Amino acid sequence: MRFGAALAIAGAVLGVPAWGAPARVVSLNVCTDQLAHLLAAPGQLISVSALAHDPRSSAYADALADIPANGGGAEEVVLLEPDLILAGTFTTRATVEMLEGLGHEVALFPPVTSLSQVTEHMARMGALLGREDAARNLIAAFEAGLDRTPPLPDGPRTLLYYPMGSTAGRGTLADALMEAAGLTNIAAEMGLSYGTLQLEQAVLAAPDLILTPAPYARPTRATDLPGHPALRAVAPLRRIEAGAAWSCETPALLQAIADLRALAEDAR
Amino acid sequence: MSALTLRGLTVRRGACPVVDAVDLSVAPGEVVGLLGPNGAGKTTLMRGALGLIAADGVSSLAALPPRARARAAAWLPQNREIAWGLSVADLVALGRLPHGRGGTPADRAAIQGALAAMRLETFASRRATALSGGEQARVLIARALAQEAPLLMADEPIAGLDPAAQIATLELFAQLARDRRAVLTSLHDLNLAARHCTRLVLLDKGRKVADGAPRDVLSKTNLASVFRLDAALIETDAGLVIDPRGVLA
Amino acid sequence: MMRAVTLAALSALVVLMIGASLLVGYAPLRPGPALAALFGQGDPLTVIVMQDIRLPRACLAAVVGAALGMSGAAMQGLLRNPLAEPGLIGVSGSAALGAVIALQTGLAGAFALALPLTALVFAAGAVALLLLLAGSRGGSLTLILAGIAVSALAGALTSLVLNLSPNPYAAAEVVFWLLGSVADRSMEHVSLAAPLILAGLAVLALTARGLDALTLGEDAAEALGVSMARLRLQVLVGTAAAVGAATAVAGAIGFVGLVVPHLLRPLMRARPGALLAASALGGAAMVLAADLAVRLILPDRDLKLGVVMALIGAPLFLHLIFRTRKELA
């Protein structure tokens with residue numbers, strides 16, 4: 001037992017998986033890609049999803065560039081002879097069912113909707129990969145990061161406004177991040193979860209600050225709603241990078257919180 | 001001054017002349033009947049004279065600007081087209097378009113006169129498209145009359161009309177001529193042409209082959225060479241009667 | 001007389017609809033403060049809602065409706081066919097393609113009018129192609145088949161251009177351009193489209209006498225002093241400007257140009273010239289009404305204007321085809 005623990009510690013230090021840990025891990029989801037990358041021993045994660053290489057979706061696109069991408073098809077994944085497959089609960093359902101049917105071990109991760117879920121996922125990923133110590137370190141660093149940037153007291157009432165009028169309220173990761181930064185989320189205040197807010201309602205909610213994702217190249221009619229002059233007349237409008245850093249359970253979330261705090265202080 | 005003067009009017013379809021160097025003059029007080037077998041170029045001659053198709057030679061009408069031409073000559077095409085369900089009165093009022101914005105007492109008088117001339121007063125508020133073919137033809141003639149142009153050019157205006165309406169229409173043309181207006185009309189009925197026209201013009205393969213009094217134009221030789229008809233010419237107390245008896249080889 | 005009464009009634013209807021459009025919205029505003037806010041009085045947020053959101057929406061619905069209604073009446077008059085309609089025969093779809101190309105190539109940013117002008121050029125191309133295919137007297141079958149081909153091609157190319165763009169909302173964009181909407185437009189859109197639309201309507205208004213004369217056929221119209229070449233050019237340019245500019249800011253809204261002239265024709269005693277002005281007013285009232293329906297029927301869904309118009313228009317279209325099926329056979 002002691003020997004095993006010692007081996008595990010040695011493995012963690014040396015960057016090799018513990019005994020019994022999966023040697024060939026394949027990930028099919030951009031969030032499990034990043035989390036596995038942060039915790040895996042070198043060579044343990046052998047394939048990631050194509051989105052992992054796209055800096056718009058992945059905060060660690062550069063670091064993941066060396067790991068080959070898979071197209072997410074069952075056939076391709078089987079040929080990789082994985083010991084463990086990581087996937088999201090909402091995506092690649094059919095592939096996952098087929099892989100399970102073929103006897104592969106598939107671990108499913110739901111999208112995170114709160115900061116406590118972030119650390120839970122980090123611990124669970126550590127356990128799956130046999131990298132508990134790495135996970136403990138990651139969690140400690142993440143929590144220390146949160147402690148270093150406490151919520152802004154008395155932050156602005158903020159409207160998060162996406163193209164086509166959608167917003168994110170209670171029970172969403174975006175709301176959790178805003179809370180961590182000290183911003184009051186108008187959508188949560190209104191009792192919305194994921195939902196749409198008509199332009200008129202958005203204006204009458206009298207936000208102090210409006211946050212909207214940076215526009216994609218060449219937006220056209222359907223998606224230029226956040227650019228409407230009525231919004232600009234109500235409150236300062238800030239473009240945010242709501243893609244990579246905002247969506248997955250990685251320390252990049254700390255950057256998102258810090259960015260939010262900076263925007264809120266700037267808007268005062 | 002003549003209502004229409006053509007000198008050397010030629011219309012080509014490709015290289016082939018469909019109307020070939022026709023000279024023609026129509027004066028006020030005349031009803032000129034344009035005769036000829038199918039394909040002789042009657043319709044093309046009139047359209048060329050109006051400037052509706054490109055033509056060589058001289059036409060006093062085609063030389064005019066469009067609005068002035070529309071006041072100088074009314075045109076009644078052979079295909080009786082009425083696209084929308086206008087009332088008879090509104091349709092006849094279209095004849096007043098070349099005269100300005102409409103609605104003047106002169107316009108109303110012209111429309112009423114035209115309706116009366118074609119005995120259409122009781123039809124004034126009916127939808128033109130709901131009328132019979134013959135009635136529609138009368139409405140379209142009334143439209144051309146309402147234009148009150150010195151010259152009326154009509155392409156087979158009596159085709160498809162009942163005998164009484166045919167005669168009434170040609171009598172109306174004669175009345176127009178007595179009012180010092182001019183009529184140029186293509187016809188297929190040789191007897192009606194002989195009786196109601198003051199002058200006939202005979203076309204054959206695009207060329208004018210005869211021009212003069214009905215009695216001179218409708219000679220046995222012309223009927224034979226142009227229409228390939230073996231016809232007897234019978235003098236009656238009501239005038240000349242042409243009795244076609246057979247087709248020549 | 002009847003004509004003046006009808007036009008006055010239609011004008012009153014448009015004013016009424018604009019009023020309703022200003023007073024009905026997603027936020028419950030009381031009429032008194034809402035109207036005061038329209039003139040800049042009262043709560044600043046209400047002022048923003050009235051002046052920056054509801055006013056441009058109402059203005060745009062009115063001018064877009066006028067453009068589509070009058071263009072439909074003009075094309076029907078020219079082709080002497082009640083089925084000619086900018087949306088059905090692909091003019092709107094082509095304009096949408098032009099607008100999407102202008103936006104995706106960045107041309108729209110080159111100068112202010114680049115977007116509506118590109119849409120205009122594409123719309124003009126579609127009208128010219130249809131006049132060519134449908135011939136001097138647009139037979140219903142040729143017209144509709146040509147229209148289907150042009151619409152399908154324009155719709156497919158619009159979808160292709162949007163699918164090729166890096167935009168993750170491509171599907172929503174395609175829906176917008178193919179169905180149309182005046183929701184959440186701003187005064188910038190109004191000032192972009194309205195001048196071109198009004199210019200197009202002015203050109204179409206010049207065709208009234210010619211279209212009246214055309215009731216008798218091309219030969220008779222020409223002999224009545226109407227230049228057919230100029231009439232065709234006027235309808236082409238006027239329709240392209242009006243539909244092109246309208247589509248550039250509101251997407252392709254179908255059936256307005258079919259339904260409105262059809263409903264108003266009996267009131268205008270079937271005269272194609274008189275129908276032009278009436279259809280402009282009727283089109284404005286119809287699009288304003290449809291946009292009200294969008295807000296009242298499913299206020300929490302992004303119901304597209306084009307869907308409501310198609311629900312009204314498609315059955316009428318079938319009815320018209322049923323009536324003209326002898327000609328189609």
# chains A, B, ... in the order shown; residues from 1 in each chain; ligands from 1
>>> residues_around(residues="stretch 272-282 of chain C", least_positions_apart="6", cutoff="6 Å", atoms="only C-alpha atoms", output="PyMOL selection string")
chain C and resi 10+66+69-70+73+77+208-209+211-212+260-261
>>> residues_around(residues="A:Arg124", least_positions_apart="3", cutoff="12 Å", atoms="only C-alpha atoms", output="ChimeraX atom specification")
/A:32,35-36,39,86,107-109,117-121,127-136,139,249
>>> residues_around(residues="stretch 189-191 of chain B", least_positions_apart="3", cutoff="12 Å", atoms="only C-alpha atoms", output="ChimeraX atom specification")
/B:33-37,156-160,163,166-167,170,185-186,194-197,200-202,214-215,217-219,223,227,229,231-235,238-244
>>> write_last_selection(atoms="C-alpha atoms", output="CSV table (one decimal), in the first residue's frame")
chain,number,residue,atom,x,y,z
B,33,GLY,CA,-60.7,49.2,-97.4
B,34,LEU,CA,-57.5,47.2,-97.3
B,35,LEU,CA,-58.0,43.9,-99.1
B,36,GLY,CA,-55.8,40.9,-99.7
B,37,PRO,CA,-55.5,37.2,-99.0
B,156,GLU,CA,-60.4,43.4,-89.3
B,157,PRO,CA,-62.8,45.2,-86.9
B,158,ILE,CA,-65.9,43.2,-88.0
B,159,ALA,CA,-64.5,39.7,-87.7
B,160,GLY,CA,-66.6,37.7,-85.4
B,163,PRO,CA,-74.3,40.5,-89.6
B,166,GLN,CA,-71.0,44.2,-89.1
B,167,ILE,CA,-73.2,46.4,-91.2
B,170,LEU,CA,-69.3,49.9,-91.4
B,185,THR,CA,-59.7,49.3,-92.4
B,186,SER,CA,-58.6,45.8,-93.4
B,194,ALA,CA,-67.6,46.9,-102.1
B,195,ARG,CA,-70.7,48.4,-100.5
B,196,HIS,CA,-69.3,50.4,-97.6
B,197,CYS,CA,-65.8,51.6,-98.6
B,200,LEU,CA,-60.2,49.9,-101.9
B,201,VAL,CA,-56.6,49.0,-101.8
B,202,LEU,CA,-55.5,45.5,-102.8
B,214,PRO,CA,-64.4,49.3,-105.5
B,215,ARG,CA,-65.8,48.6,-108.9
B,217,VAL,CA,-60.4,47.1,-107.8
B,218,LEU,CA,-62.8,44.1,-107.6
B,219,SER,CA,-62.3,43.1,-111.2
B,223,LEU,CA,-60.1,38.4,-108.0
B,227,PHE,CA,-57.5,35.8,-104.4
B,229,LEU,CA,-61.3,33.1,-107.0
B,231,ALA,CA,-66.2,34.8,-109.0
B,232,ALA,CA,-69.2,36.2,-110.8
B,233,LEU,CA,-69.8,39.9,-110.6
B,234,ILE,CA,-73.5,40.7,-110.5
B,235,GLU,CA,-74.9,44.1,-110.8
B,238,ALA,CA,-78.2,47.8,-104.4
B,239,GLY,CA,-74.8,47.8,-106.1
B,240,LEU,CA,-72.2,45.2,-107.0
B,241,VAL,CA,-72.4,41.7,-105.6
B,242,ILE,CA,-69.5,39.3,-105.8
B,243,ASP,CA,-70.5,35.7,-105.9
B,244,PRO,CA,-67.4,33.4,-105.5
>>> select_by_dssp(residues="stretch 114-182 of chain A", states="strand (DSSP E or B)", output="number ranges by chain")
A: 157-160, 166-168
>>> write_last_selection(atoms="C-alpha atoms", output="PDB file, in the first residue's frame")
ATOM      1  CA  ARG A 157     -26.325  45.865 -12.767  1.00  0.00           C
ATOM      2  CA  THR A 158     -25.244  44.142 -15.898  1.00  0.00           C
ATOM      3  CA  LEU A 159     -27.060  42.793 -18.925  1.00  0.00           C
ATOM      4  CA  LEU A 160     -25.439  39.930 -20.749  1.00  0.00           C
ATOM      5  CA  SER A 166     -30.524  35.669 -25.849  1.00  0.00           C
ATOM      6  CA  THR A 167     -29.122  36.020 -22.354  1.00  0.00           C
ATOM      7  CA  ALA A 168     -27.974  33.798 -19.502  1.00  0.00           C
TER       8      ALA A 168
END
>>> interface_residues(of="chain B", to="chain C", cutoff="6 Å", atoms="only C-alpha atoms", output="list in words")
Pro66, Arg67, Ala70, Glu81, Ile82, Ala83, Gly85 and Leu86 of chain B
>>> atom_distance(atom1="atom CA of B:Ser59", atom2="atom CA of B:Met46")
10.3 Å
>>> residues_around(residues="stretch 141-147 of chain C", least_positions_apart="5", cutoff="7 Å", atoms="only C-alpha atoms", output="list of chain:residue names")
C:Leu88, C:Ile89, C:Gly90, C:Leu130, C:Leu133, C:Ala134, C:Leu328
>>> write_last_selection(atoms="N, CA and C atoms", output="PDB file, in the first residue's frame")
ATOM      1  N   LEU C  88     -42.721  35.964 -54.987  1.00  0.00           N
ATOM      2  CA  LEU C  88     -42.936  34.657 -55.620  1.00  0.00           C
ATOM      3  C   LEU C  88     -42.052  34.450 -56.831  1.00  0.00           C
ATOM      4  N   ILE C  89     -41.768  35.516 -57.574  1.00  0.00           N
ATOM      5  CA  ILE C  89     -41.030  35.323 -58.810  1.00  0.00           C
ATOM      6  C   ILE C  89     -39.556  35.611 -58.626  1.00  0.00           C
ATOM      7  N   GLY C  90     -39.114  35.701 -57.353  1.00  0.00           N
ATOM      8  CA  GLY C  90     -37.676  35.675 -57.095  1.00  0.00           C
ATOM      9  C   GLY C  90     -36.987  37.025 -57.074  1.00  0.00           C
ATOM     10  N   LEU C 130     -36.792  37.858 -65.793  1.00  0.00           N
ATOM     11  CA  LEU C 130     -38.185  37.420 -65.844  1.00  0.00           C
ATOM     12  C   LEU C 130     -38.912  38.046 -67.028  1.00  0.00           C
ATOM     13  N   LEU C 133     -37.821  36.048 -69.935  1.00  0.00           N
ATOM     14  CA  LEU C 133     -38.357  34.691 -70.000  1.00  0.00           C
ATOM     15  C   LEU C 133     -39.870  34.687 -70.197  1.00  0.00           C
ATOM     16  N   ALA C 134     -40.559  35.585 -69.493  1.00  0.00           N
ATOM     17  CA  ALA C 134     -42.017  35.568 -69.556  1.00  0.00           C
ATOM     18  C   ALA C 134     -42.525  36.186 -70.849  1.00  0.00           C
ATOM     19  N   LEU C 328     -53.303  27.783 -67.348  1.00  0.00           N
ATOM     20  CA  LEU C 328     -52.081  27.042 -67.035  1.00  0.00           C
ATOM     21  C   LEU C 328     -52.057  25.687 -67.721  1.00  0.00           C
TER      22      LEU C 328
END
>>> closest_residue(among="B:Arg47, B:Arg178, B:Lys205, B:Arg138", to="B:Asp162", atoms="only C-alpha atoms")
B:Arg138
>>> closest_residue(among="C:Ala126, C:Ala172, C:Ala242, C:Ala290", to="C:Val308", atoms="only C-alpha atoms")
C:Ala290
